[in-house]
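Novice: I am attaching a structure below and will ask some questions about it afterwards.
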There are 2 protein chains.
Amino acid sequence: MTEFIAPGTRFAPLPSPFAFRRGGSLKQGRMAYETWGALNTKGENAVLILTGLSPNAHAAGSPDNPDKGWWEAMLGPGKAIDTERWFVVCVNTLGSCKGSSGPASIDPDSGQPYRLDFPDLSVEDCAKAAKAVLNHLGIESLACLIGNSMGGMVALSFLQQFPLFTRSHINVSGSAQALPFSIAIRSLQREAIRLDPQWNNGRYGDGDYPRNGMRIARKLGVVTYRSAVEWEGRFGRVRLNEDPGDNDRFGMEFAVESYLEAHAERFVDQFDPNCYLYLSRAMDWFDFCRSCAHSDDDLTEALSGIHVGSALVLGASTDILFPLHQQQQIADGLARGGARTTFVPLDSHQGHDAFLVDIDRFAPPIRRFLDDLKDTA
Amino acid sequence: MTEFIAPGTRFAPLPSPFAFRRGGSLKQGRMAYETWGALNTKGENAVLILTGLSPNAHAAGSPDNPDKGWWEAMLGPGKAIDTERWFVVCVNTLGSCKGSSGPASIDPDSGQPYRLDFPDLSVEDCAKAAKAVLNHLGIESLACLIGNSMGGMVALSFLQQFPLFTRSHINVSGSAQALPFSIAIRSLQREAIRLDPQWNNGRYGDGDYPRNGMRIARKLGVVTYRSAVEWEGRFGRVRLNEDPGDNDRFGMEFAVESYLEAHAERFVDQFDPNCYLYLSRAMDWFDFCRSCAHSDDDLTEALSGIHVGSALVLGASTDILFPLHQQQQIADGLARGGARTTFVPLDSHQGHDAFLVDIDRFAPPIRRFLDDLKDTA
């Protein structure tokens, strides 16, 4: 039961109490964030990045933490998100274990971690908590709001909850509502964690982390984050060893199995299982139609209630977790709401994670969009 | 540790000893099968059906067992596979727990189940064992060999090992080699079983069946057997209950979760976990290039070594486990080998399992193919 906080992480307090959409509230909560660049005198160049499920706020290296960040190739001086022009803020999602308040944080009332006493977490709460960071920084408007994956969900809720605050929006491999295939995958990941005896209904300690459940959850995640076609070219039927030996009957034999193993090893013990459960469930719950209490189930119509000047919506053709038609839906809705909208379906082989690795495809449209934004600012 | 044998199952002995491709052999082994219709006087109307990973030999109802079979809609008097015209044999795969010898069977030497002492199982062994059933029945040639899913792999090996025995072939949602996405899924399923403490390195008893591991394995199977687009229409975001209550935090909430649960409940305690591991691994190992000791990795070229008069290759556009380009590969190879080949990619929403459920799409081409066969016989 540990939080994993990178050097250089900064913190903003949440309003106390901070009320949750589904009930419950948090006292003395906090949000972790990092920034790059500087806010200009008019305060008009702020860009907020909302992340996927697991990343921390360290999107790129900084003087306080020169380690490479999770979007290092996208963000920095002269890069697509140019930190010489923009004041970039990245927040760690509410409910995470990377510095923002979550189930692994200490409840000030009990002095113990919240664990499953943390309030039910919604995507809408994550958006409200991200806004608290901007308030703390004195940011009164956003030039651009960027959300990736789960962050794309959080971004839509942010735009809905805080109208007229944001001039433009980039939604990357996002979704306006969770669909049953993704719900099934996440439900299985949660079940694997919950079935691990070490999970112990959330009451594991440092020495009895539910490694097995988290291994399965992470590997299943990686399977759905990448794509079959990428792996066919990358791994094919390459073997580690023709004969794994009797000591490890059914053990790893193919390169793809070793790849999954390496991913699991890098994740296990580095992410809090209860936080994982909360964030995972929040994604299942997200449905923009309900988010804005729209009377019917017309997602495009509901999304048209969002008003931004311009929008860029990106997705990868091989994404099975947030499939391309969900990005088309977002683009259609934002366009109907009046945004000058560009929908860019990218023929990337790298699946849902393409925005993290296929920078050659994802960076140019983001660069062009932000450049145009500057010109019209 | 139980075998699950349907009423009316018949048995054919395996040659004793029966040698396995990767080493080891079986004494006093047996194969489970069922038949429908009658062999004609010339012995020219035999059709063999090879199944996917889990089905038994009960493809359709019969006088000995009127229960509906797993391909009831496809097989019977007047149906696409017309048992008034064809003498149809369906075998339970070697290594299974539905009557054919497998890890759950009793080793005559020890009087105990083989468990992990069962020899390593290959798809090629499954084909050789299926042939033993035909020998037992006095069948000297096949009018048609039909293989579905894993059975499609077994069928290719059968055609390679027993040339000039089979006049025509129907390959349904099959594959000539396992690809990394499928290997990854199956590796995860096996890991979930192996991580279940009750698996106990294969030494579970009747009272300590590794239910949790098998639950995860089955649910993950079902996720990959169906399709996201089917589920989007079928389940959408329909909920079971708005509030699962505090008693089952993170419990089932969406209809799709309940669907997976029902599938798991029908499978757990009905399939032997060690058998599952063996069959799953056999599929990963299958590579037709190696199957026929082809010198290079040109699958089409390797498949062209198969000679049948005519072939029908079917697949579903939404199959993520055995994707359509794998059926295209099979069709290309069989055509290059000289078969009059028809490749029918079906625009079915039901994924890998479509051949079991989307009978409206799969039955007509099978019926036409078999009708044509009769006319040219």
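Residue numbering restarts at 1 in every chain; chains get A, B, ... in the order shown in the structure tokens, and ligands count up from 1 in that same order.
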May I ask you to extract the residues of chain A within 8 Å of chain B, using only C-alpha atoms, and to give them as number ranges by chain?

Specialist: A: 178-181, 183-185, 187-188, 190-192, 195, 212, 216, 219-220, 223, 227-228, 231-232, 235-237, 250, 256-257, 260, 277, 281

Novice: May I have a table of the residues of region 251-315 of chain A lying at most 12 Å from region 130-147 of chain A, giving each one's closest pair of atoms and their distance in Å to one decimal, counting only C-alpha atoms, ordered by chain and ascending residue number, as JSON lines?

Specialist:
{"residue": "A:Val308", "atom": "CA", "partner": "A:Cys144", "partner_atom": "CA", "distance": 9.5}
{"residue": "A:Gly309", "atom": "CA", "partner": "A:Cys144", "partner_atom": "CA", "distance": 10.0}
{"residue": "A:Ser310", "atom": "CA", "partner": "A:Cys144", "partner_atom": "CA", "distance": 9.2}
{"residue": "A:Ala311", "atom": "CA", "partner": "A:Cys144", "partner_atom": "CA", "distance": 9.0}
{"residue": "A:Leu312", "atom": "CA", "partner": "A:Ile146", "partner_atom": "CA", "distance": 9.4}
{"residue": "A:Val313", "atom": "CA", "partner": "A:Ile146", "partner_atom": "CA", "distance": 9.9}
{"residue": "A:Leu314", "atom": "CA", "partner": "A:Gly147", "partner_atom": "CA", "distance": 10.5}
{"residue": "A:Gly315", "atom": "CA", "partner": "A:Gly147", "partner_atom": "CA", "distance": 11.9}

Novice: Keeping C-alpha atoms for every residue in the selection just given, could you write it to a file as a PDB file, in the first residue's frame?

Specialist:
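As written to disk, selection36.pdb reads:
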ATOM      1  CA  VAL A 308     -14.881  25.080 -28.097  1.00  0.00           C
ATOM      2  CA  GLY A 309     -13.433  27.120 -30.929  1.00  0.00           C
ATOM      3  CA  SER A 310     -11.558  24.298 -32.547  1.00  0.00           C
ATOM      4  CA  ALA A 311     -10.937  20.639 -31.987  1.00  0.00           C
ATOM      5  CA  LEU A 312      -8.583  17.942 -33.207  1.00  0.00           C
ATOM      6  CA  VAL A 313      -9.647  14.328 -32.723  1.00  0.00           C
ATOM      7  CA  LEU A 314      -7.083  11.575 -33.289  1.00  0.00           C
ATOM      8  CA  GLY A 315      -7.269   7.804 -33.176  1.00  0.00           C
TER       9      GLY A 315
END

Novice: Write out as a ChimeraX atom specification all residues of region 136-245 of chain B that DSSP puts in helix (DSSP H, G or I) for this structure's backbone.

Specialist: /B:136,150-161,180-195,197-202,206-208,211-225,228-234

Novice: Rounded to one decimal place, report the CA of Asp107 (chain A)-CA of Tyr204 (chain A) distance in Å.

Specialist: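 Spanning CA of Asp107 (chain A) to CA of Tyr204 (chain A) is a straight-line distance of 16.3 Å.
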
Novice: With only C-alpha atoms as the counted atoms, please give the residues lying no more than 7 Å from Gly337 (chain A), apart from itself and same-chain residues fewer than 5 positions off, as a CSV table (one decimal) with all heavy atoms, in the first residue's frame.

Specialist:
chain,number,residue,atom,x,y,z
A,304,SER,N,-22.7,17.8,-28.6
A,304,SER,CA,-22.9,19.1,-29.2
A,304,SER,C,-23.1,20.2,-28.2
A,304,SER,O,-23.1,21.4,-28.5
A,304,SER,CB,-24.0,19.0,-30.3
A,304,SER,OG,-25.2,19.0,-29.6
A,305,GLY,N,-23.4,19.8,-27.0
A,305,GLY,CA,-23.5,20.8,-25.9
A,305,GLY,C,-22.1,21.4,-25.5
A,305,GLY,O,-22.0,22.4,-24.7
A,306,ILE,N,-21.0,20.8,-26.0
A,306,ILE,CA,-19.7,21.3,-25.7
A,306,ILE,C,-19.4,22.4,-26.7
A,306,ILE,O,-19.6,22.1,-27.9
A,306,ILE,CB,-18.6,20.2,-25.8
A,306,ILE,CG1,-18.8,19.2,-24.7
A,306,ILE,CG2,-17.2,20.7,-25.8
A,306,ILE,CD1,-17.9,18.0,-24.7
A,307,HIS,N,-18.9,23.5,-26.3
A,307,HIS,CA,-18.5,24.6,-27.2
A,307,HIS,C,-17.1,24.9,-27.1
A,307,HIS,O,-16.7,25.5,-26.0
A,307,HIS,CB,-19.4,25.8,-27.0
A,307,HIS,CG,-20.9,25.4,-27.1
A,307,HIS,ND1,-21.5,25.0,-28.3
A,307,HIS,CD2,-21.9,25.4,-26.2
A,307,HIS,CE1,-22.8,24.7,-28.1
A,307,HIS,NE2,-23.0,25.0,-26.8

Novice: What does the distance between CA of Ala38 (chain A) and CA of Arg85 (chain A) come to in Å, to one decimal place?

Specialist: 8.2 Å

Novice: Just list the residues in region 1-247 of chain B DSSP gives strand (DSSP E or B) on the backbone, as a ChimeraX atom specification.

Specialist: /B:10-13,18-19,25-26,30-36,46-50,62,65,75-76,81-82,87-91,106,113,142,144-148,166,168-172,177,239

Novice: Quote the spacing between CA of Leu75 (chain A) and CA of Ala354 (chain A) in Å to one decimal place.

Specialist: 15.7 Å

Novice: Any idea what's packed within 7 Å of Met214 (chain A), counting only C-alpha atoms, ignoring anything in its chain fewer than 6 positions away? Could you give it as a ChimeraX atom specification?

Specialist: /A:193,268,273

Novice: When you look at Glu301 (chain A) with a cut-off of 10 Å (counting only C-alpha atoms), what residues show up, excluding the ones that are within fewer than 4 positions of it in the same chain? I need them as a list in words.

Specialist: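 Everything that qualifies: Cys289, His294, Asp296, Asp297, Gly305, Ile306, Asp332, Gly333, Leu334, Arg336 and Gly337 of chain A.
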
Novice: Would you kindly return, as a PyMOL selection string, each protein, DNA or RNA residue with an atom no farther than 10 Å from any atom of Asp208 (chain A), considering only C-alpha atoms and excluding same-chain residues fewer than 2 positions away?

Specialist: chain A and resi 1+197-200+203-206+210-211

Novice: Tell me which of A:Gly221, A:Gly95, A:Pro119, A:Gly37 sits closest to Pro77 (chain A), counting only C-alpha atoms.

Specialist: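 With only C-alpha atoms as the atom set, the closest residue is A:Gly37.
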
Novice: Identify, on the basis of only C-alpha atoms, every residue whose closest approach to Thr9 (chain A) does not exceed 7 Å; exclude the query and any residue fewer than 4 positions from it along the same chain; express the result as a VMD selection string.

Specialist: chain A and resid 5 32 to 34
